[in-house]
$ cat target_30.cif   # mmCIF, C-alpha atoms
data_final
loop_
_atom_site.label_atom_id
_atom_site.label_comp_id
_atom_site.auth_asym_id
_atom_site.auth_seq_id
_atom_site.Cartn_x
_atom_site.Cartn_y
_atom_site.Cartn_z
CA MET A 1 53.76 -2.49 4.00
CA THR A 2 57.19 -2.60 5.47
CA CYS A 3 59.80 -5.14 4.46
CA ASN A 4 59.91 -8.17 6.75
CA VAL A 5 61.41 -10.78 4.37
CA GLY A 6 65.17 -10.51 3.82
CA HIS A 7 67.11 -11.11 0.61
CA THR A 8 68.36 -14.63 1.40
CA GLU A 9 64.92 -15.75 2.53
CA ARG A 10 63.39 -14.27 -0.63
CA MET A 11 65.70 -16.39 -2.78
CA VAL A 12 64.82 -19.51 -0.78
CA ARG A 13 61.09 -18.75 -1.04
CA ILE A 14 61.34 -18.29 -4.80
CA ALA A 15 63.28 -21.55 -5.23
CA LEU A 16 60.84 -23.53 -3.07
CA GLY A 17 57.86 -21.90 -4.74
CA ILE A 18 59.08 -22.82 -8.21
CA LEU A 19 59.90 -26.35 -7.06
CA LEU A 20 56.40 -26.85 -5.61
CA LEU A 21 54.77 -25.46 -8.75
CA LEU A 22 56.82 -27.76 -10.96
CA LEU A 23 56.03 -30.79 -8.81
CA ALA A 24 52.34 -29.98 -8.98
CA PHE A 25 52.37 -29.16 -12.71
CA PHE A 26 54.17 -32.32 -13.80
CA GLY A 27 52.01 -34.57 -11.65
CA ILE A 28 54.68 -35.69 -9.21
CA LEU A 29 52.37 -34.52 -6.45
CA GLY A 30 48.97 -36.08 -6.92
CA GLY A 31 45.41 -35.27 -5.97
CA VAL A 32 44.93 -32.78 -3.17
CA LEU A 33 48.70 -32.46 -2.66
CA ALA A 34 49.04 -31.07 -6.18
CA TYR A 35 46.56 -28.28 -5.45
CA LEU A 36 48.03 -27.62 -2.03
CA GLY A 37 51.56 -27.56 -3.41
CA GLY A 38 50.51 -25.19 -6.18
CA VAL A 39 48.83 -22.78 -3.78
CA ILE A 40 51.73 -22.82 -1.34
CA GLY A 41 54.17 -22.31 -4.23
CA LEU A 42 52.23 -19.28 -5.44
CA VAL A 43 52.06 -17.82 -1.93
CA LEU A 44 55.80 -18.26 -1.45
CA ILE A 45 56.56 -16.53 -4.74
CA ALA A 46 54.08 -13.72 -4.03
CA THR A 47 55.45 -13.01 -0.54
CA ALA A 48 59.00 -13.04 -1.90
CA GLY A 49 58.04 -10.57 -4.61
CA MET A 50 56.33 -8.22 -2.16
CA LYS A 51 59.09 -8.57 0.48
CA PHE A 52 56.25 -8.93 2.98
CA CYS A 53 54.81 -11.91 4.84
CA PRO A 54 51.52 -11.30 6.70
CA LEU A 55 52.22 -14.17 9.10
CA TYR A 56 55.54 -12.61 10.10
CA ARG A 57 53.73 -9.37 10.86
CA LEU A 58 51.24 -11.16 13.11
CA VAL A 59 54.00 -12.73 15.19
CA GLY A 60 56.32 -9.70 15.05
CA PHE A 61 59.14 -11.46 13.18
CA SER A 62 61.41 -10.05 10.50
CA THR A 63 64.39 -11.31 8.52
CA CYS A 64 64.78 -8.05 6.63
CA ALA A 65 67.80 -5.89 7.28
CA ASP A 66 67.06 -2.18 7.43
CA GLU A 67 66.41 -1.90 3.69
CA THR A 68 64.12 0.64 2.09
#
$ encode --input "target_30.cif" --output "structure tokens"
Amino acid sequence: MTCNVGHTERMVRIALGILLLLLAFFGILGGVLAYLGGVIGLVLIATAGMKFCPLYRLVGFSTCADET
């Protein structure tokens, strides 16, 4: 997998992912939104950690500078 998620976007994804997980965990989001927020939070953190977003690859988009 090649990098298609840049450094700044990775930091934003991690921050949003943690925020969504906290909102779901502490019950601020309720019902289905809690599960949806938790799943989206995990996906954001996972894609940030891998520096790869499958959706970006499908549409041919990249925010990654030429890093290796």
$ residues_around --input "target_30.cif" --residues "Leu22 (chain A)" --least-positions-apart "2" --cutoff "12 Å" --atoms "only C-alpha atoms" --output "PyMOL selection string"
chain A and resi 15-20+24-29+34-35+37-42
$ atom_distance --input "target_30.cif" --atom1 "CA of Leu55 (chain A)" --atom2 "CA of Val5 (chain A)"
10.9 Å
$ closest_residue --input "target_30.cif" --among "A:Leu44, A:Val12, A:Leu36, A:Cys3" --to "Phe61 (chain A)" --atoms "all atoms listed in the file"
A:Cys3
$ closest_residue --input "target_30.cif" --among "A:Leu58, A:Ala48, A:Cys53, A:Leu23" --to "His7 (chain A)" --atoms "all atoms listed in the file"
A:Ala48
$ atom_distance --input "target_30.cif" --atom1 "CA of Ser62 (chain A)" --atom2 "CA of Glu9 (chain A)"
10.4 Å
$ atom_distance --input "target_30.cif" --atom1 "CA of Arg13 (chain A)" --atom2 "CA of Gly31 (chain A)"
23.3 Å
$ closest_residue --input "target_30.cif" --among "A:Met1, A:Leu33, A:Ile14, A:Val59" --to "Ala46 (chain A)" --atoms "all atoms listed in the file"
A:Ile14
$ closest_residue --input "target_30.cif" --among "A:Gly30, A:Leu21, A:Ala65, A:Gly60" --to "Val43 (chain A)" --atoms "all atoms listed in the file"
A:Leu21
$ residues_around --input "target_30.cif" --residues "Asn4 (chain A)" --least-positions-apart "2" --cutoff "6 Å" --atoms "all atoms listed in the file" --output "list in words"
Phe52, Ser62, Thr63 and Cys64 of chain A
